[in-house]
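Enquirer: This structure is in structure tokens; I'll ask about it shortly.
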Amino acid sequence: VQLQASGGGSVQAGGSLRLSCAASGLIFGRTIMGWYRQAPGKKRELVAQINPAEDRKYAPDVKGRFTVSRDNVNYTAVLQMNSLKPDDTAVYYCNAVVLMVGSYWGQGTLVTVSS
């Protein structure tokens, strides 16, 4: 299984970024795709998640600002991040939970939001 994340970068507060995660080596239709983040000195936390039925889950502090989606043809998950705040600064990780198989992580991508 490979998860290739892209799209991080630096932006000013109020700006937007789009993260993308390309998955391979798994059955995408049996995979819950998620985004986690880890800020310096803090634990990794769930940001957003989408299951094969496209039910979505969001962390309370990103709800209404972030949108998670998936492309079941191209095996890609996308996190659209709008109205970014300095507190959103973190390394963002793509995660894939393949039902009845296991959990996999992509490499992190750094998001920096300046005030």
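Naming works like this for the structure tokens: A, B, ... for the chains as they're shown, residue 1 at the start of each chain, ligands 1 onward in shown order.
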Quick one: everything within 9 Å of Glu45 (chain A), counting only C-alpha atoms, minus sequence neighbours fewer than 3 positions away in the same chain. Send it as a VMD selection string.

Expert: chain A and resid 35 to 38 42 59

Enquirer: Write the residues of the preceding selection, restricted to N, CA, C and O atoms, as a PDB file, in the first residue's frame.

Expert:
ATOM      1  N   TRP A  35      -7.630  12.260   7.097  1.00  0.00           N
ATOM      2  CA  TRP A  35      -6.527  13.207   7.261  1.00  0.00           C
ATOM      3  C   TRP A  35      -6.341  13.471   8.756  1.00  0.00           C
ATOM      4  O   TRP A  35      -7.315  13.735   9.470  1.00  0.00           O
ATOM      5  N   TYR A  36      -5.111  13.385   9.169  1.00  0.00           N
ATOM      6  CA  TYR A  36      -4.739  13.690  10.549  1.00  0.00           C
ATOM      7  C   TYR A  36      -3.709  14.814  10.516  1.00  0.00           C
ATOM      8  O   TYR A  36      -3.095  15.072   9.471  1.00  0.00           O
ATOM      9  N   ARG A  37      -3.494  15.447  11.646  1.00  0.00           N
ATOM     10  CA  ARG A  37      -2.454  16.455  11.720  1.00  0.00           C
ATOM     11  C   ARG A  37      -1.763  16.386  13.083  1.00  0.00           C
ATOM     12  O   ARG A  37      -2.345  15.940  14.064  1.00  0.00           O
ATOM     13  N   GLN A  38      -0.535  16.847  13.053  1.00  0.00           N
ATOM     14  CA  GLN A  38       0.233  16.876  14.289  1.00  0.00           C
ATOM     15  C   GLN A  38       1.002  18.191  14.349  1.00  0.00           C
ATOM     16  O   GLN A  38       1.872  18.446  13.508  1.00  0.00           O
ATOM     17  N   LYS A  42       2.319  18.434  20.155  1.00  0.00           N
ATOM     18  CA  LYS A  42       0.956  17.924  20.361  1.00  0.00           C
ATOM     19  C   LYS A  42       0.805  16.536  19.770  1.00  0.00           C
ATOM     20  O   LYS A  42       1.611  16.100  18.952  1.00  0.00           O
ATOM     21  N   ALA A  59     -13.261  17.090  12.667  1.00  0.00           N
ATOM     22  CA  ALA A  59     -12.935  17.625  13.986  1.00  0.00           C
ATOM     23  C   ALA A  59     -13.752  18.896  14.189  1.00  0.00           C
ATOM     24  O   ALA A  59     -13.985  19.649  13.229  1.00  0.00           O
TER      25      ALA A  59
END

Enquirer: Identify, with DSSP run on backbone atoms, the residues in chain A assigned to helix (DSSP H, G or I), and express the list as a list in words.

Expert: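 Going through chain A, the helix (DSSP H, G or I) residues come out as Phe28, Gly29, Arg30, Pro86, Asp87 and Asp88 of chain A.
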
Enquirer: Could you write out the selected residues, including N, CA and C atoms, as an mmCIF file, in the first residue's frame?

Expert:
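Heads up, here's the output in again-v2.cif:
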data_model
loop_
_atom_site.group_PDB
_atom_site.id
_atom_site.type_symbol
_atom_site.label_atom_id
_atom_site.label_comp_id
_atom_site.auth_asym_id
_atom_site.auth_seq_id
_atom_site.Cartn_x
_atom_site.Cartn_y
_atom_site.Cartn_z
ATOM 1 N N PHE A 28 -9.826 0.446 -2.901
ATOM 2 C CA PHE A 28 -10.283 1.760 -2.462
ATOM 3 C C PHE A 28 -11.721 1.727 -1.968
ATOM 4 N N GLY A 29 -12.517 0.864 -2.580
ATOM 5 C CA GLY A 29 -13.922 0.774 -2.195
ATOM 6 C C GLY A 29 -14.146 0.172 -0.820
ATOM 7 N N ARG A 30 -13.107 -0.346 -0.217
ATOM 8 C CA ARG A 30 -13.195 -0.892 1.134
ATOM 9 C C ARG A 30 -12.344 -0.073 2.109
ATOM 10 N N PRO A 86 -3.856 30.336 12.020
ATOM 11 C CA PRO A 86 -2.526 29.912 12.484
ATOM 12 C C PRO A 86 -2.552 28.609 13.272
ATOM 13 N N ASP A 87 -3.648 28.350 13.998
ATOM 14 C CA ASP A 87 -3.758 27.100 14.765
ATOM 15 C C ASP A 87 -3.858 25.866 13.872
ATOM 16 N N ASP A 88 -4.080 26.066 12.584
ATOM 17 C CA ASP A 88 -4.108 24.932 11.652
ATOM 18 C C ASP A 88 -2.703 24.506 11.233
#

Enquirer: At a cut-off of 12 Å, can you tabulate as JSON lines every residue of region 10-115 of chain A near region 3-6 of chain A together with its closest atom pair and the distance in Å to one decimal, using only C-alpha atoms and ordering rows by chain then number?

Expert:
{"residue": "A:Leu17", "atom": "CA", "partner": "A:Ser6", "partner_atom": "CA", "distance": 10.6}
{"residue": "A:Arg18", "atom": "CA", "partner": "A:Ser6", "partner_atom": "CA", "distance": 8.5}
{"residue": "A:Leu19", "atom": "CA", "partner": "A:Ser6", "partner_atom": "CA", "distance": 5.7}
{"residue": "A:Ser20", "atom": "CA", "partner": "A:Ser6", "partner_atom": "CA", "distance": 5.3}
{"residue": "A:Cys21", "atom": "CA", "partner": "A:Ala5", "partner_atom": "CA", "distance": 4.3}
{"residue": "A:Ala22", "atom": "CA", "partner": "A:Gln4", "partner_atom": "CA", "distance": 5.1}
{"residue": "A:Ala23", "atom": "CA", "partner": "A:Leu3", "partner_atom": "CA", "distance": 4.6}
{"residue": "A:Ser24", "atom": "CA", "partner": "A:Leu3", "partner_atom": "CA", "distance": 6.6}
{"residue": "A:Gly25", "atom": "CA", "partner": "A:Leu3", "partner_atom": "CA", "distance": 8.9}
{"residue": "A:Leu26", "atom": "CA", "partner": "A:Leu3", "partner_atom": "CA", "distance": 9.8}
{"residue": "A:Phe28", "atom": "CA", "partner": "A:Leu3", "partner_atom": "CA", "distance": 11.5}
{"residue": "A:Met33", "atom": "CA", "partner": "A:Leu3", "partner_atom": "CA", "distance": 10.3}
{"residue": "A:Gly34", "atom": "CA", "partner": "A:Leu3", "partner_atom": "CA", "distance": 11.2}
{"residue": "A:Trp35", "atom": "CA", "partner": "A:Ala5", "partner_atom": "CA", "distance": 10.0}
{"residue": "A:Tyr36", "atom": "CA", "partner": "A:Ala5", "partner_atom": "CA", "distance": 11.8}
{"residue": "A:Tyr75", "atom": "CA", "partner": "A:Leu3", "partner_atom": "CA", "distance": 9.9}
{"residue": "A:Thr76", "atom": "CA", "partner": "A:Leu3", "partner_atom": "CA", "distance": 9.2}
{"residue": "A:Ala77", "atom": "CA", "partner": "A:Ala5", "partner_atom": "CA", "distance": 9.2}
{"residue": "A:Val78", "atom": "CA", "partner": "A:Ala5", "partner_atom": "CA", "distance": 9.4}
{"residue": "A:Leu79", "atom": "CA", "partner": "A:Ser6", "partner_atom": "CA", "distance": 10.4}
{"residue": "A:Val91", "atom": "CA", "partner": "A:Ala5", "partner_atom": "CA", "distance": 11.1}
{"residue": "A:Tyr92", "atom": "CA", "partner": "A:Ala5", "partner_atom": "CA", "distance": 8.8}
{"residue": "A:Tyr93", "atom": "CA", "partner": "A:Ala5", "partner_atom": "CA", "distance": 7.5}
{"residue": "A:Cys94", "atom": "CA", "partner": "A:Ala5", "partner_atom": "CA", "distance": 6.4}
{"residue": "A:Asn95", "atom": "CA", "partner": "A:Leu3", "partner_atom": "CA", "distance": 7.7}
{"residue": "A:Ala96", "atom": "CA", "partner": "A:Leu3", "partner_atom": "CA", "distance": 7.9}
{"residue": "A:Val97", "atom": "CA", "partner": "A:Leu3", "partner_atom": "CA", "distance": 11.4}
{"residue": "A:Ser103", "atom": "CA", "partner": "A:Leu3", "partner_atom": "CA", "distance": 11.2}
{"residue": "A:Tyr104", "atom": "CA", "partner": "A:Leu3", "partner_atom": "CA", "distance": 7.8}
{"residue": "A:Trp105", "atom": "CA", "partner": "A:Leu3", "partner_atom": "CA", "distance": 6.7}
{"residue": "A:Gly106", "atom": "CA", "partner": "A:Leu3", "partner_atom": "CA", "distance": 4.6}
{"residue": "A:Gln107", "atom": "CA", "partner": "A:Ala5", "partner_atom": "CA", "distance": 6.5}
{"residue": "A:Gly108", "atom": "CA", "partner": "A:Ala5", "partner_atom": "CA", "distance": 7.0}
{"residue": "A:Thr109", "atom": "CA", "partner": "A:Ser6", "partner_atom": "CA", "distance": 6.5}
{"residue": "A:Leu110", "atom": "CA", "partner": "A:Ser6", "partner_atom": "CA", "distance": 9.4}
{"residue": "A:Val111", "atom": "CA", "partner": "A:Ser6", "partner_atom": "CA", "distance": 10.6}

Enquirer: In Å to one decimal, how far is CA of Thr67 (chain A) from CA of Gly9 (chain A)?

Expert: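 CA of Thr67 (chain A) lies at a distance of 17.6 Å from CA of Gly9 (chain A).
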
Enquirer: By how many Å are CA of Val101 (chain A) and CA of Asp71 (chain A) apart?

Expert: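 CA of Val101 (chain A) sits 20.9 Å away from CA of Asp71 (chain A).
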
Enquirer: Which residue gives the smallest distance to Gln49 (chain A) among A:Thr31, A:Ser115, A:Val68, A:Gly102, with only C-alpha atoms counted?

Expert: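 Of A:Thr31, A:Ser115, A:Val68, A:Gly102, the one nearest Gln49 (chain A), counting only C-alpha atoms, is A:Val68.
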
Enquirer: Could you go through region 10-110 of chain A and tell me which residues DSSP, when run on the backbone, assigns to strand (DSSP E or B), listing them as number ranges by chain?

Expert: A: 10-12, 17-24, 31-38, 45-50, 56-58, 63, 66-71, 76-81, 90-98, 102-105, 109-110

Enquirer: When distances are computed from only C-alpha atoms, which of A:Gly41, A:Pro52, A:Val11, A:Ser16 shows the smallest separation from Met81 (chain A)?

Expert: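 Nearest candidate to Met81 (chain A) out of A:Gly41, A:Pro52, A:Val11, A:Ser16: A:Ser16.
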